[in-house]
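**Student:** Next comes the structure file entry.txt, holding compact mmCIF, C-alpha atoms and all ligand atoms.
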# COMPACT_ATOMS: atom_id res chain seq x y z
CA MET A 296 -13.03 -24.40 -34.33
CA LYS A 297 -16.06 -24.23 -36.59
CA MET A 298 -15.76 -21.61 -39.32
CA MET A 299 -18.32 -18.84 -39.24
CA ARG A 300 -20.18 -18.49 -42.54
CA ILE A 301 -20.75 -14.90 -43.64
CA PRO A 302 -22.34 -13.93 -46.97
CA THR A 303 -20.17 -11.63 -49.10
CA GLN A 304 -21.48 -8.17 -49.98
CA LYS A 305 -22.20 -9.47 -53.47
CA GLU A 306 -24.23 -12.33 -52.00
CA CYS A 307 -26.12 -9.87 -49.79
CA LEU A 308 -27.03 -7.77 -52.82
CA ALA A 309 -28.15 -10.88 -54.70
CA MET A 310 -30.47 -11.63 -51.77
CA PHE A 311 -32.07 -8.19 -52.24
CA GLU A 312 -33.20 -9.55 -55.62
CA THR A 313 -34.19 -12.99 -54.42
CA TYR A 314 -36.38 -11.58 -51.65
CA GLU A 315 -37.75 -8.82 -53.90
CA MET A 316 -36.90 -5.99 -51.55
CA LEU A 317 -38.48 -2.64 -52.33
CA PRO A 318 -35.99 -0.08 -53.71
CA ASN A 319 -36.36 2.25 -50.71
CA ILE A 320 -35.60 -0.58 -48.28
CA ARG A 321 -32.55 -1.54 -50.36
CA GLU A 322 -31.33 2.06 -50.20
CA HIS A 323 -31.91 2.15 -46.45
CA SER A 324 -30.00 -1.13 -46.00
CA VAL A 325 -27.05 0.03 -48.13
CA MET A 326 -26.82 3.22 -46.06
CA VAL A 327 -26.94 1.28 -42.77
CA GLY A 328 -24.14 -0.83 -44.27
CA LYS A 329 -22.08 2.28 -44.97
CA VAL A 330 -22.59 3.66 -41.46
CA THR A 331 -21.60 0.26 -40.05
CA GLU A 332 -18.49 0.19 -42.22
CA GLU A 333 -17.44 3.68 -41.09
CA ILE A 334 -17.80 2.63 -37.45
CA THR A 335 -16.07 -0.74 -37.75
CA SER A 336 -13.13 0.67 -39.69
CA SER A 337 -12.54 3.26 -36.97
CA LEU A 338 -12.52 0.99 -33.91
CA LEU A 339 -9.23 0.70 -32.05
CA ASN A 340 -7.58 -2.71 -31.62
CA SER A 341 -8.79 -2.75 -28.02
CA CYS A 342 -12.31 -3.32 -29.37
CA PRO A 343 -12.04 -6.33 -31.67
CA ILE A 344 -15.14 -7.10 -33.72
CA ASN A 345 -15.81 -8.90 -36.99
CA ALA A 346 -16.39 -6.10 -39.52
CA GLU A 347 -17.43 -8.45 -42.31
CA LEU A 348 -20.09 -9.97 -40.05
CA ALA A 349 -21.38 -6.56 -38.95
CA ILE A 350 -21.63 -5.27 -42.54
CA ALA A 351 -23.47 -8.39 -43.73
CA GLY A 352 -25.87 -8.01 -40.79
CA ALA A 353 -26.42 -4.36 -41.69
CA LEU A 354 -27.13 -5.14 -45.35
CA LEU A 355 -29.54 -7.94 -44.45
CA HIS A 356 -31.25 -6.51 -41.36
CA ASP A 357 -34.48 -5.74 -43.26
CA ILE A 358 -34.31 -8.68 -45.69
CA THR A 359 -37.92 -9.77 -44.97
CA LYS A 360 -39.38 -6.32 -44.30
CA THR A 361 -40.91 -5.99 -47.80
CA GLN A 362 -42.80 -9.26 -47.47
CA SER A 363 -43.82 -8.36 -43.90
CA PHE A 364 -46.01 -5.54 -45.23
CA LYS A 365 -48.26 -8.20 -46.75
CA THR A 366 -47.95 -10.98 -44.22
CA LYS A 367 -47.76 -8.82 -41.06
CA GLU A 368 -44.96 -11.11 -39.84
CA ARG A 369 -42.41 -9.61 -37.44
CA HIS A 370 -39.55 -8.91 -39.81
CA ALA A 371 -36.73 -9.17 -37.25
CA GLU A 372 -37.90 -12.68 -36.31
CA SER A 373 -38.65 -13.83 -39.86
CA GLY A 374 -35.38 -12.39 -41.20
CA ALA A 375 -33.45 -14.22 -38.49
CA LEU A 376 -35.27 -17.47 -39.26
CA LEU A 377 -34.47 -17.13 -42.96
CA LEU A 378 -30.77 -16.48 -42.33
CA THR A 379 -30.57 -19.38 -39.88
CA GLN A 380 -32.07 -21.65 -42.53
CA LEU A 381 -29.53 -20.36 -45.06
CA GLY A 382 -26.72 -21.32 -42.67
CA TYR A 383 -25.81 -17.89 -41.30
CA PRO A 384 -26.71 -18.07 -37.57
CA GLU A 385 -24.41 -15.21 -36.52
CA VAL A 386 -25.91 -12.87 -39.12
CA ALA A 387 -29.34 -14.08 -38.03
CA ASP A 388 -28.64 -12.95 -34.47
CA ILE A 389 -27.83 -9.42 -35.66
CA VAL A 390 -31.06 -9.31 -37.67
CA LEU A 391 -33.10 -10.70 -34.78
CA GLN A 392 -31.87 -8.00 -32.41
CA HIS A 393 -31.98 -4.94 -34.67
CA VAL A 394 -35.41 -4.00 -33.28
CA ASN A 395 -35.02 -5.13 -29.67
CA LEU A 396 -31.62 -5.79 -28.13
CA LYS A 397 -31.53 -8.73 -25.74
CA ASP A 398 -29.50 -8.29 -22.55
CA PHE A 399 -27.88 -4.97 -23.39
CA SER A 400 -25.03 -4.08 -21.07
CA PRO A 401 -23.46 -0.61 -21.20
CA ILE A 402 -20.20 -2.01 -19.83
CA ALA A 403 -19.75 -5.27 -21.78
CA PRO A 404 -17.40 -5.06 -24.78
CA ILE A 405 -19.10 -3.68 -27.89
CA ASN A 406 -20.29 -6.23 -30.43
CA GLU A 407 -21.56 -6.45 -34.01
CA ILE A 408 -25.21 -6.61 -32.88
CA GLU A 409 -24.97 -3.27 -31.08
CA ILE A 410 -23.15 -1.59 -33.95
CA VAL A 411 -25.86 -2.53 -36.46
CA TYR A 412 -28.60 -1.58 -33.99
CA TYR A 413 -26.92 1.81 -33.63
CA ALA A 414 -26.26 2.30 -37.37
CA ASP A 415 -29.93 1.57 -38.15
CA LYS A 416 -30.91 4.35 -35.74
CA ARG A 417 -28.75 6.85 -37.63
CA VAL A 418 -30.46 6.28 -40.98
CA ARG A 419 -33.94 7.51 -41.78
CA HIS A 420 -35.01 6.07 -45.14
CA HIS A 421 -31.63 6.40 -46.88
CA GLU A 422 -30.58 9.60 -45.19
CA PHE A 423 -27.91 9.88 -42.47
CA VAL A 424 -29.47 11.70 -39.48
CA SER A 425 -28.88 12.47 -35.80
CA VAL A 426 -30.19 10.16 -33.06
CA GLU A 427 -32.51 12.99 -32.05
CA ASP A 428 -34.02 13.23 -35.56
CA ARG A 429 -34.43 9.50 -35.98
CA ILE A 430 -36.22 9.01 -32.64
CA HIS A 431 -38.37 12.05 -33.35
CA ASP A 432 -39.29 10.49 -36.70
CA LEU A 433 -40.18 7.16 -35.06
CA LEU A 434 -42.30 8.94 -32.44
CA ASN A 435 -44.15 10.81 -35.18
CA ARG A 436 -44.70 7.82 -37.41
CA TYR A 437 -45.39 5.07 -34.88
CA GLY A 438 -45.80 6.67 -31.44
CA HIS A 439 -49.56 6.26 -31.38
CA THR A 440 -49.85 5.05 -27.79
CA GLU A 441 -48.09 5.96 -24.58
CA GLU A 442 -46.59 2.48 -24.45
CA LEU A 443 -45.09 2.89 -27.92
CA ARG A 444 -43.76 6.34 -27.04
CA GLN A 445 -42.09 4.93 -23.93
CA ARG A 446 -40.55 2.18 -26.03
CA PHE A 447 -38.96 4.71 -28.41
CA LEU A 448 -37.67 6.81 -25.51
CA HIS A 449 -36.13 3.67 -24.03
CA MET A 450 -34.62 2.95 -27.47
CA LYS A 451 -33.04 6.40 -27.45
CA GLU A 452 -31.36 5.69 -24.10
CA ILE A 453 -29.91 2.46 -25.46
CA VAL A 454 -28.74 4.13 -28.68
CA LEU A 455 -26.96 6.81 -26.66
CA ALA A 456 -25.40 4.18 -24.40
CA ILE A 457 -24.07 2.35 -27.48
CA GLU A 458 -22.78 5.66 -28.80
CA LEU A 459 -20.73 6.07 -25.62
CA LYS A 460 -19.29 2.58 -26.10
CA ILE A 461 -18.36 3.43 -29.69
CA GLU A 462 -16.73 6.67 -28.58
CA LYS A 463 -14.62 4.79 -26.04
CA CYS A 464 -13.57 2.43 -28.83
CA ILE A 465 -12.54 5.21 -31.21
CA ASN A 466 -11.31 7.62 -28.57
CA ALA A 467 -13.14 10.51 -30.25
CA SER A 468 -16.60 11.88 -30.87
CA VAL A 469 -18.65 9.47 -32.95
CA GLU A 470 -19.33 12.22 -35.49
CA THR A 471 -15.67 12.16 -36.54
CA VAL A 472 -16.15 8.76 -38.19
CA PHE A 473 -19.05 9.99 -40.32
CA LYS A 474 -17.17 12.74 -42.18
CA ASN A 475 -17.49 10.85 -45.47
CA LEU A 476 -21.23 10.21 -45.31
FE FE B 501 -35.96 -3.23 -39.60
What does this structure look like when you write it as structure tokens?
**Tutor:**
Amino acid sequence: MKMMRIPTQKECLAMFETYEMLPNIREHSVMVGKVTEEITSSLLNSCPINAELAIAGALLHDITKTQSFKTKERHAESGALLLTQLGYPEVADIVLQHVNLKDFSPIAPINEIEIVYYADKRVRHHEFVSVEDRIHDLLNRYGHTEELRQRFLHMKEIVLAIELKIEKCINASVETVFKNL
């Protein structure tokens, strides 16, 4: 079996420097990493996932966002391309799907991609918030057209469906895992 390559947390933080991430995006990414860690460390054995992979994906999900402000590139796509080139295809897939999940199934076993997608929707800037608050914030900031508004409302449905999957995997309310945040 081919070994999966995953950057260590130290390597992820070094990449913040290399790709000259803005301080606020670093803070956001670190917080999404913490939320991801709280979730992954609470999952029951019946829901096996690779915590190291999920945390690396969380730390790196916005790795090209700073440069995207200048270039107007789509940061999920460009971040995934970068990580693929660096030899981290599994991390790349998490980054690619943090904006739009491909083939989401509410009944398939939970995976690292969904956990990072969810964690990102619980952090506004570097602050831990409710799903309601985060979607409200997105609607206010980016919901300029009806199509965009519909997209965020659809996002909310998916986030809540992932939340249910997490709750099945911890056998408790999701809020219980965030006591330390
Ligand atoms: Fe992002």
**Student:** With only C-alpha atoms and all ligand atoms as the basis for distance, which of A:Pro302, A:Gly374, A:Gly328, A:Pro318 is at the shortest distance from ligand FE 501 (chain B)?
**Tutor:** A:Gly374
**Student:** Counting all atoms listed in the file, which residue out of A:Asp388, A:Glu470, A:Glu315, A:Asp357 sits closest to ligand FE 501 (chain B)?
**Tutor:** A:Asp357
**Student:** Using all atoms listed in the file, I'd like a table of the residues in chain A that come within 10 Å of ligand FE 501 (chain B); for each, show the closest atom pair and its distance in Å rounded to one decimal, ordered by chain and ascending number, as JSON lines.
**Tutor:**
{"residue": "A:Ile320", "atom": "CA", "partner": "B:FE501", "partner_atom": "FE", "distance": 9.1}
{"residue": "A:His323", "atom": "CA", "partner": "B:FE501", "partner_atom": "FE", "distance": 9.6}
{"residue": "A:Ser324", "atom": "CA", "partner": "B:FE501", "partner_atom": "FE", "distance": 9.0}
{"residue": "A:Ala353", "atom": "CA", "partner": "B:FE501", "partner_atom": "FE", "distance": 9.8}
{"residue": "A:Leu355", "atom": "CA", "partner": "B:FE501", "partner_atom": "FE", "distance": 9.3}
{"residue": "A:His356", "atom": "CA", "partner": "B:FE501", "partner_atom": "FE", "distance": 6.0}
{"residue": "A:Asp357", "atom": "CA", "partner": "B:FE501", "partner_atom": "FE", "distance": 4.7}
{"residue": "A:Ile358", "atom": "CA", "partner": "B:FE501", "partner_atom": "FE", "distance": 8.3}
{"residue": "A:Thr359", "atom": "CA", "partner": "B:FE501", "partner_atom": "FE", "distance": 8.7}
{"residue": "A:Lys360", "atom": "CA", "partner": "B:FE501", "partner_atom": "FE", "distance": 6.6}
{"residue": "A:Thr361", "atom": "CA", "partner": "B:FE501", "partner_atom": "FE", "distance": 10.0}
{"residue": "A:Arg369", "atom": "CA", "partner": "B:FE501", "partner_atom": "FE", "distance": 9.3}
{"residue": "A:His370", "atom": "CA", "partner": "B:FE501", "partner_atom": "FE", "distance": 6.7}
{"residue": "A:Ala371", "atom": "CA", "partner": "B:FE501", "partner_atom": "FE", "distance": 6.4}
{"residue": "A:Gly374", "atom": "CA", "partner": "B:FE501", "partner_atom": "FE", "distance": 9.3}
{"residue": "A:Val390", "atom": "CA", "partner": "B:FE501", "partner_atom": "FE", "distance": 8.0}
{"residue": "A:Leu391", "atom": "CA", "partner": "B:FE501", "partner_atom": "FE", "distance": 9.3}
{"residue": "A:Gln392", "atom": "CA", "partner": "B:FE501", "partner_atom": "FE", "distance": 9.5}
{"residue": "A:His393", "atom": "CA", "partner": "B:FE501", "partner_atom": "FE", "distance": 6.6}
{"residue": "A:Val394", "atom": "CA", "partner": "B:FE501", "partner_atom": "FE", "distance": 6.4}
{"residue": "A:Tyr412", "atom": "CA", "partner": "B:FE501", "partner_atom": "FE", "distance": 9.4}
{"residue": "A:Asp415", "atom": "CA", "partner": "B:FE501", "partner_atom": "FE", "distance": 7.8}
{"residue": "A:Lys416", "atom": "CA", "partner": "B:FE501", "partner_atom": "FE", "distance": 9.9}
**Student:** Can you pull out every residue within 10 Å of A:Thr471, counting all atoms listed in the file, but drop anything in the same chain fewer than 4 positions away, and send it as an mmCIF file with C-alpha atoms, in the frame of the given file?
**Tutor:**
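What ended up in result-v5.cif:
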data_model
loop_
_atom_site.group_PDB
_atom_site.id
_atom_site.type_symbol
_atom_site.label_atom_id
_atom_site.label_comp_id
_atom_site.auth_asym_id
_atom_site.auth_seq_id
_atom_site.Cartn_x
_atom_site.Cartn_y
_atom_site.Cartn_z
ATOM 1 C CA GLU A 333 -17.440 3.680 -41.090
ATOM 2 C CA ILE A 334 -17.800 2.630 -37.450
ATOM 3 C CA SER A 337 -12.540 3.260 -36.970
ATOM 4 C CA GLU A 462 -16.730 6.670 -28.580
ATOM 5 C CA ILE A 465 -12.540 5.210 -31.210
ATOM 6 C CA ALA A 467 -13.140 10.510 -30.250
ATOM 7 C CA ASN A 475 -17.490 10.850 -45.470
#
**Student:** Which distance in Å separates atom CA of A:Ile402 and atom CA of A:Pro343, to one decimal?
**Tutor:**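 Separation of atom CA of A:Ile402 and atom CA of A:Pro343: 15.0 Å.
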**Student:** Counting only C-alpha atoms, which residues come within 8 Å of (-24.0, -13.6, -42.1), with the point read in the file's coordinates, and could you list them as a list in words?
**Tutor:**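 Every polymer residue passing the test: Arg300, Ile301, Pro302, Leu348, Ala351, Gly352, Leu378, Tyr383, Pro384, Glu385, Val386 and Ala387 of chain A.
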**Student:** Could you name the residues that touch stretch 424-439 of chain A at 10 Å or less, counting all atoms listed in the file, but leaving out those on the same chain fewer than 5 positions away, as a list in words?
**Tutor:**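 Counting all atoms listed in the file, the residues come to Tyr413, Ala414, Asp415, Lys416, Arg417, Val418, Arg419, Arg444, Gln445, Arg446, Phe447, Leu448, Met450, Lys451, Val454, Leu455, Glu458 and Glu470 of chain A.
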**Student:** Include C-alpha atoms and write out the residues we just selected as a PDB file, in the coordinates of the input.
**Tutor:**
ATOM      1  CA  TYR A 413     -26.920   1.810 -33.630  1.00  0.00           C
ATOM      2  CA  ALA A 414     -26.260   2.300 -37.370  1.00  0.00           C
ATOM      3  CA  ASP A 415     -29.930   1.570 -38.150  1.00  0.00           C
ATOM      4  CA  LYS A 416     -30.910   4.350 -35.740  1.00  0.00           C
ATOM      5  CA  ARG A 417     -28.750   6.850 -37.630  1.00  0.00           C
ATOM      6  CA  VAL A 418     -30.460   6.280 -40.980  1.00  0.00           C
ATOM      7  CA  ARG A 419     -33.940   7.510 -41.780  1.00  0.00           C
ATOM      8  CA  ARG A 444     -43.760   6.340 -27.040  1.00  0.00           C
ATOM      9  CA  GLN A 445     -42.090   4.930 -23.930  1.00  0.00           C
ATOM     10  CA  ARG A 446     -40.550   2.180 -26.030  1.00  0.00           C
ATOM     11  CA  PHE A 447     -38.960   4.710 -28.410  1.00  0.00           C
ATOM     12  CA  LEU A 448     -37.670   6.810 -25.510  1.00  0.00           C
ATOM     13  CA  MET A 450     -34.620   2.950 -27.470  1.00  0.00           C
ATOM     14  CA  LYS A 451     -33.040   6.400 -27.450  1.00  0.00           C
ATOM     15  CA  VAL A 454     -28.740   4.130 -28.680  1.00  0.00           C
ATOM     16  CA  LEU A 455     -26.960   6.810 -26.660  1.00  0.00           C
ATOM     17  CA  GLU A 458     -22.780   5.660 -28.800  1.00  0.00           C
ATOM     18  CA  GLU A 470     -19.330  12.220 -35.490  1.00  0.00           C
TER      19      GLU A 470
END
**Student:** Could you please determine the separation between atom CA of A:Glu407 and atom CA of A:Asn466 in Å, to one decimal place?
**Tutor:**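 The value is 18.2 Å.
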**Student:** For A:Glu332, which residue among A:Ile350, A:Ile344, A:Leu459, A:Ile389 is the nearest when counting only C-alpha atoms?
**Tutor:**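 Going through A:Ile350, A:Ile344, A:Leu459, A:Ile389 one by one, the smallest distance to A:Glu332 is for A:Ile350.
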**Student:** Would you mind telling me which residue in A:Leu396, A:Asn345, A:Glu322, A:Lys474 lies nearest to A:His449 when using all atoms listed in the file?
**Tutor:**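 Counting all atoms listed in the file, the residue closest to A:His449 is A:Leu396.
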**Student:** Atom CA of A:Ile408 and atom CA of A:Leu338, how far apart in Å?
**Tutor:** 14.8 Å
**Student:** Which residue is closest to A:Gln304? Choose from A:Leu354, A:Ile410, A:Val472, A:Ala403 and count all atoms listed in the file.
**Tutor:**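 Selected residue with least distance to A:Gln304: A:Leu354.
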**Student:** Emit stretch 305-347 of chain A of the structure in the block as a file comprising N, CA and C atoms, as a CSV table (one decimal), in the first residue's frame.
**Tutor:**
chain,number,residue,atom,x,y,z
A,305,LYS,N,3.9,21.6,12.0
A,305,LYS,CA,5.0,22.6,11.8
A,305,LYS,C,5.2,22.9,10.3
A,306,GLU,N,5.1,21.9,9.5
A,306,GLU,CA,5.3,22.2,8.0
A,306,GLU,C,4.1,23.0,7.5
A,307,CYS,N,2.9,22.8,8.1
A,307,CYS,CA,1.8,23.7,7.6
A,307,CYS,C,2.1,25.1,8.0
A,308,LEU,N,2.5,25.3,9.2
A,308,LEU,CA,2.8,26.7,9.7
A,308,LEU,C,3.9,27.3,8.9
A,309,ALA,N,4.9,26.5,8.5
A,309,ALA,CA,6.0,27.1,7.6
A,309,ALA,C,5.4,27.5,6.3
A,310,MET,N,4.4,26.8,5.8
A,310,MET,CA,3.8,27.1,4.5
A,310,MET,C,3.0,28.5,4.6
A,311,PHE,N,2.6,28.8,5.8
A,311,PHE,CA,1.9,30.1,6.0
A,311,PHE,C,2.9,31.2,5.6
A,312,GLU,N,4.2,31.0,6.0
A,312,GLU,CA,5.2,32.0,5.7
A,312,GLU,C,5.5,31.9,4.2
A,313,THR,N,5.8,30.8,3.7
A,313,THR,CA,6.2,30.6,2.3
A,313,THR,C,5.2,31.3,1.4
A,314,TYR,N,3.9,31.1,1.7
A,314,TYR,CA,2.9,31.6,0.8
A,314,TYR,C,2.3,33.0,1.3
A,315,GLU,N,3.1,33.6,2.2
A,315,GLU,CA,2.8,35.0,2.7
A,315,GLU,C,1.3,35.2,3.0
A,316,MET,N,0.8,34.3,3.8
A,316,MET,CA,-0.6,34.5,4.2
A,316,MET,C,-0.8,35.7,5.1
A,317,LEU,N,-1.9,36.4,4.9
A,317,LEU,CA,-2.2,37.5,5.7
A,317,LEU,C,-2.5,37.0,7.1
A,318,PRO,N,-2.1,37.8,8.2
A,318,PRO,CA,-2.3,37.4,9.6
A,318,PRO,C,-3.7,37.0,9.9
A,319,ASN,N,-4.7,37.7,9.4
A,319,ASN,CA,-6.1,37.3,9.7
A,319,ASN,C,-6.5,36.0,9.1
A,320,ILE,N,-5.9,35.6,7.9
A,320,ILE,CA,-6.2,34.3,7.3
A,320,ILE,C,-5.5,33.2,8.1
A,321,ARG,N,-4.3,33.5,8.6
A,321,ARG,CA,-3.6,32.5,9.4
A,321,ARG,C,-4.4,32.2,10.7
A,322,GLU,N,-4.9,33.3,11.3
A,322,GLU,CA,-5.7,33.1,12.5
A,322,GLU,C,-7.0,32.3,12.3
A,323,HIS,N,-7.6,32.6,11.1
A,323,HIS,CA,-8.8,31.9,10.7
A,323,HIS,C,-8.4,30.4,10.6
A,324,SER,N,-7.3,30.1,9.9
A,324,SER,CA,-7.0,28.7,9.6
A,324,SER,C,-6.6,28.0,10.8
A,325,VAL,N,-5.9,28.6,11.8
A,325,VAL,CA,-5.5,28.0,13.0
A,325,VAL,C,-6.8,27.6,13.8
A,326,MET,N,-7.8,28.5,13.8
A,326,MET,CA,-9.1,28.3,14.5
A,326,MET,C,-9.8,27.1,13.8
A,327,VAL,N,-9.8,27.1,12.5
A,327,VAL,CA,-10.5,26.0,11.8
A,327,VAL,C,-9.8,24.7,12.2
A,328,GLY,N,-8.5,24.7,12.3
A,328,GLY,CA,-7.7,23.6,12.8
A,328,GLY,C,-8.1,23.1,14.1
A,329,LYS,N,-8.3,24.1,15.1
A,329,LYS,CA,-8.7,23.7,16.4
A,329,LYS,C,-10.1,23.0,16.4
A,330,VAL,N,-11.0,23.6,15.7
A,330,VAL,CA,-12.4,23.1,15.6
A,330,VAL,C,-12.3,21.6,15.1
A,331,THR,N,-11.5,21.5,14.0
A,331,THR,CA,-11.3,20.2,13.4
A,331,THR,C,-10.8,19.2,14.4
A,332,GLU,N,-9.8,19.6,15.2
A,332,GLU,CA,-9.1,18.7,16.2
A,332,GLU,C,-10.1,18.3,17.3
A,333,GLU,N,-11.0,19.3,17.7
A,333,GLU,CA,-12.0,19.0,18.7
A,333,GLU,C,-13.0,17.9,18.2
A,334,ILE,N,-13.3,18.0,16.9
A,334,ILE,CA,-14.3,17.1,16.4
A,334,ILE,C,-13.6,15.7,16.2
A,335,THR,N,-12.4,15.7,15.6
A,335,THR,CA,-11.8,14.4,15.3
A,335,THR,C,-11.4,13.6,16.6
A,336,SER,N,-11.1,14.4,17.6
A,336,SER,CA,-10.7,13.7,18.9
A,336,SER,C,-11.9,13.2,19.6
A,337,SER,N,-13.1,13.5,19.2
A,337,SER,CA,-14.3,13.1,19.9
A,337,SER,C,-15.0,12.0,19.2
A,338,LEU,N,-14.6,11.7,18.0
A,338,LEU,CA,-15.4,10.7,17.2
A,338,LEU,C,-15.2,9.3,17.8
A,339,LEU,N,-16.3,8.5,17.8
A,339,LEU,CA,-16.2,7.1,18.3
A,339,LEU,C,-15.5,6.2,17.3
A,340,ASN,N,-15.0,5.1,17.8
A,340,ASN,CA,-14.3,4.2,16.9
A,340,ASN,C,-15.1,3.7,15.7
A,341,SER,N,-16.4,3.8,15.8
A,341,SER,CA,-17.3,3.4,14.7
A,341,SER,C,-17.2,4.3,13.5
A,342,CYS,N,-16.5,5.5,13.7
A,342,CYS,CA,-16.4,6.5,12.6
A,342,CYS,C,-14.9,6.8,12.4
A,343,PRO,N,-14.2,5.8,11.8
A,343,PRO,CA,-12.7,6.0,11.7
A,343,PRO,C,-12.4,7.1,10.6
A,344,ILE,N,-11.6,8.0,11.0
A,344,ILE,CA,-11.1,9.0,10.0
A,344,ILE,C,-9.6,9.3,10.4
A,345,ASN,N,-8.9,9.9,9.5
A,345,ASN,CA,-7.5,10.2,9.7
A,345,ASN,C,-7.4,11.7,10.2
A,346,ALA,N,-7.2,11.8,11.6
A,346,ALA,CA,-7.2,13.1,12.2
A,346,ALA,C,-6.1,14.0,11.7
A,347,GLU,N,-4.9,13.4,11.5
A,347,GLU,CA,-3.8,14.2,11.1
A,347,GLU,C,-4.1,14.8,9.7
